[in-house]
Amino acid sequence: MLDGGAVASLVAILRDGSESDSSESTRENCVAALYSLSHGSLRFRGLAREARASEVLQAVVEHGSERAREKAKRILAVLRGR
């Protein structure tokens with residue numbers, strides 16, 4: 001999935017969803033997929049930075065559902081190297 005551009009695609013869906021009427025479940029699923037991809041991969045960090053995922057994930061932390069917020073916080077921690 002990393003080779004197929006999944007990180008950039010998921011971030012784009014989240015970014016576009018914040019500007020449109022994207023369903024909350026779609027946003028939760030995108031965050032969950034990013035969360036799964038973030039485990040144990042330094043490559044994920046580079047791809048996420050390139051896609052500017054931090055900005056989108058911060059918006060999820062501020063405005064998303066409880067489940068999406070928790071996963072977004074964990075991904076942001078991974079991106080910060082924790």
# chains A, B, ... in the order shown; residues from 1 in each chain; ligands from 1
>>> residues_around(residues="region 78-80 of chain A", least_positions_apart="4", cutoff="10 Å", atoms="only C-alpha atoms", output="PyMOL selection string")
chain A and resi 35+38-42+44-46+48-49+53-54+72-74
>>> residues_around(residues="Arg67 (chain A)", least_positions_apart="4", cutoff="9 Å", atoms="only C-alpha atoms", output="PyMOL selection string")
chain A and resi 28+32+71-72
>>> write_last_selection(atoms="all heavy atoms", output="compact mmCIF listing (two decimals), in the first residue's frame")
# COMPACT_ATOMS: atom_id res chain seq x y z
N GLU A 28 -13.26 8.46 9.50
CA GLU A 28 -12.76 7.51 10.50
C GLU A 28 -12.00 6.37 9.83
O GLU A 28 -10.95 5.95 10.32
CB GLU A 28 -13.91 6.94 11.33
CG GLU A 28 -14.45 7.89 12.35
CD GLU A 28 -15.59 7.29 13.17
OE1 GLU A 28 -15.84 6.07 13.06
OE2 GLU A 28 -16.23 8.05 13.91
N ALA A 32 -8.13 5.38 10.30
CA ALA A 32 -7.81 4.02 10.74
C ALA A 32 -6.81 3.37 9.79
O ALA A 32 -5.87 2.68 10.23
CB ALA A 32 -9.07 3.17 10.84
N LYS A 71 -6.91 8.08 17.21
CA LYS A 71 -5.98 7.52 16.22
C LYS A 71 -5.12 8.62 15.60
O LYS A 71 -3.93 8.44 15.38
CB LYS A 71 -6.73 6.74 15.16
CG LYS A 71 -7.21 5.39 15.64
CD LYS A 71 -7.84 4.60 14.52
CE LYS A 71 -8.21 3.21 14.95
NZ LYS A 71 -9.27 3.10 15.90
N ALA A 72 -5.72 9.75 15.32
CA ALA A 72 -4.98 10.87 14.74
C ALA A 72 -3.89 11.34 15.71
O ALA A 72 -2.76 11.63 15.28
CB ALA A 72 -5.92 12.02 14.39
>>> residues_around(residues="Leu34 (chain A)", least_positions_apart="3", cutoff="8 Å", atoms="only C-alpha atoms", output="MDAnalysis selection string")
chainID A and resid 7 10 30:31 37:38 75
>>> atom_distance(atom1="CA of Glu62 (chain A)", atom2="CA of Met1 (chain A)")
27.3 Å
>>> residues_around(residues="Ala8 (chain A)", least_positions_apart="3", cutoff="8 Å", atoms="only C-alpha atoms", output="list in words")
Gly5, Val11, Ala12, Leu47, Ala48 and Ala51 of chain A
>>> select_by_dssp(residues="chain A", states="alpha helix (DSSP H)", output="PyMOL selection string")
chain A and resi 6-17+24-38+42-50+53-63+66-79
>>> write_last_selection(atoms="C-alpha atoms", output="PDB file, in the first residue's frame")
ATOM      1  CA  ALA A   6      -2.052   5.003  -0.219  1.00  0.00           C
ATOM      2  CA  VAL A   7      -0.754   7.598   2.241  1.00  0.00           C
ATOM      3  CA  ALA A   8      -1.137  10.493  -0.194  1.00  0.00           C
ATOM      4  CA  SER A   9      -4.545   9.221  -1.331  1.00  0.00           C
ATOM      5  CA  LEU A  10      -5.901   8.865   2.201  1.00  0.00           C
ATOM      6  CA  VAL A  11      -4.596  12.299   3.191  1.00  0.00           C
ATOM      7  CA  ALA A  12      -6.213  13.776   0.064  1.00  0.00           C
ATOM      8  CA  ILE A  13      -9.558  12.201   0.960  1.00  0.00           C
ATOM      9  CA  LEU A  14      -9.305  13.644   4.467  1.00  0.00           C
ATOM     10  CA  ARG A  15      -8.298  17.058   3.128  1.00  0.00           C
ATOM     11  CA  ASP A  16     -11.140  17.118   0.584  1.00  0.00           C
ATOM     12  CA  GLY A  17     -13.573  15.758   3.162  1.00  0.00           C
ATOM     13  CA  GLU A  24     -17.784  10.847   9.379  1.00  0.00           C
ATOM     14  CA  SER A  25     -17.390   7.108   8.836  1.00  0.00           C
ATOM     15  CA  THR A  26     -15.318   7.760   5.701  1.00  0.00           C
ATOM     16  CA  ARG A  27     -13.045  10.060   7.675  1.00  0.00           C
ATOM     17  CA  GLU A  28     -12.760   7.508  10.500  1.00  0.00           C
ATOM     18  CA  ASN A  29     -11.873   4.777   8.013  1.00  0.00           C
ATOM     19  CA  CYS A  30      -9.185   6.915   6.394  1.00  0.00           C
ATOM     20  CA  VAL A  31      -7.633   7.697   9.758  1.00  0.00           C
ATOM     21  CA  ALA A  32      -7.809   4.017  10.742  1.00  0.00           C
ATOM     22  CA  ALA A  33      -6.036   3.019   7.521  1.00  0.00           C
ATOM     23  CA  LEU A  34      -3.317   5.619   8.093  1.00  0.00           C
ATOM     24  CA  TYR A  35      -2.972   4.380  11.652  1.00  0.00           C
ATOM     25  CA  SER A  36      -2.446   0.821  10.425  1.00  0.00           C
ATOM     26  CA  LEU A  37       0.135   1.943   7.892  1.00  0.00           C
ATOM     27  CA  SER A  38       2.016   3.952  10.518  1.00  0.00           C
ATOM     28  CA  LEU A  42       9.987   4.782   8.939  1.00  0.00           C
ATOM     29  CA  ARG A  43       8.952   5.014   5.327  1.00  0.00           C
ATOM     30  CA  PHE A  44       5.437   5.942   6.429  1.00  0.00           C
ATOM     31  CA  ARG A  45       6.828   8.968   8.221  1.00  0.00           C
ATOM     32  CA  GLY A  46       8.490  10.247   5.066  1.00  0.00           C
ATOM     33  CA  LEU A  47       5.426   9.654   2.927  1.00  0.00           C
ATOM     34  CA  ALA A  48       3.150  11.301   5.493  1.00  0.00           C
ATOM     35  CA  ARG A  49       5.386  14.351   5.713  1.00  0.00           C
ATOM     36  CA  GLU A  50       5.479  14.593   1.935  1.00  0.00           C
ATOM     37  CA  ALA A  53      -0.578  14.713   6.743  1.00  0.00           C
ATOM     38  CA  SER A  54       0.132  16.585   9.986  1.00  0.00           C
ATOM     39  CA  GLU A  55      -2.091  19.490   8.970  1.00  0.00           C
ATOM     40  CA  VAL A  56      -5.016  17.226   8.120  1.00  0.00           C
ATOM     41  CA  LEU A  57      -4.570  15.029  11.190  1.00  0.00           C
ATOM     42  CA  GLN A  58      -4.470  18.076  13.450  1.00  0.00           C
ATOM     43  CA  ALA A  59      -7.834  19.124  11.999  1.00  0.00           C
ATOM     44  CA  VAL A  60      -9.172  15.631  12.797  1.00  0.00           C
ATOM     45  CA  VAL A  61      -7.895  15.983  16.372  1.00  0.00           C
ATOM     46  CA  GLU A  62      -9.774  19.273  16.681  1.00  0.00           C
ATOM     47  CA  HIS A  63     -13.013  18.365  14.877  1.00  0.00           C
ATOM     48  CA  GLU A  66     -13.672  10.499  19.367  1.00  0.00           C
ATOM     49  CA  ARG A  67     -12.328   7.380  17.644  1.00  0.00           C
ATOM     50  CA  ALA A  68     -10.742   9.355  14.818  1.00  0.00           C
ATOM     51  CA  ARG A  69      -9.251  11.870  17.266  1.00  0.00           C
ATOM     52  CA  GLU A  70      -7.485   9.169  19.290  1.00  0.00           C
ATOM     53  CA  LYS A  71      -5.978   7.516  16.222  1.00  0.00           C
ATOM     54  CA  ALA A  72      -4.978  10.875  14.743  1.00  0.00           C
ATOM     55  CA  LYS A  73      -3.191  11.778  17.988  1.00  0.00           C
ATOM     56  CA  ARG A  74      -1.274   8.494  17.872  1.00  0.00           C
ATOM     57  CA  ILE A  75      -0.276   9.027  14.238  1.00  0.00           C
ATOM     58  CA  LEU A  76       0.919  12.543  15.037  1.00  0.00           C
ATOM     59  CA  ALA A  77       3.037  11.089  17.846  1.00  0.00           C
ATOM     60  CA  VAL A  78       4.581   8.645  15.351  1.00  0.00           C
ATOM     61  CA  LEU A  79       5.312  11.514  12.966  1.00  0.00           C
TER      62      LEU A  79
END
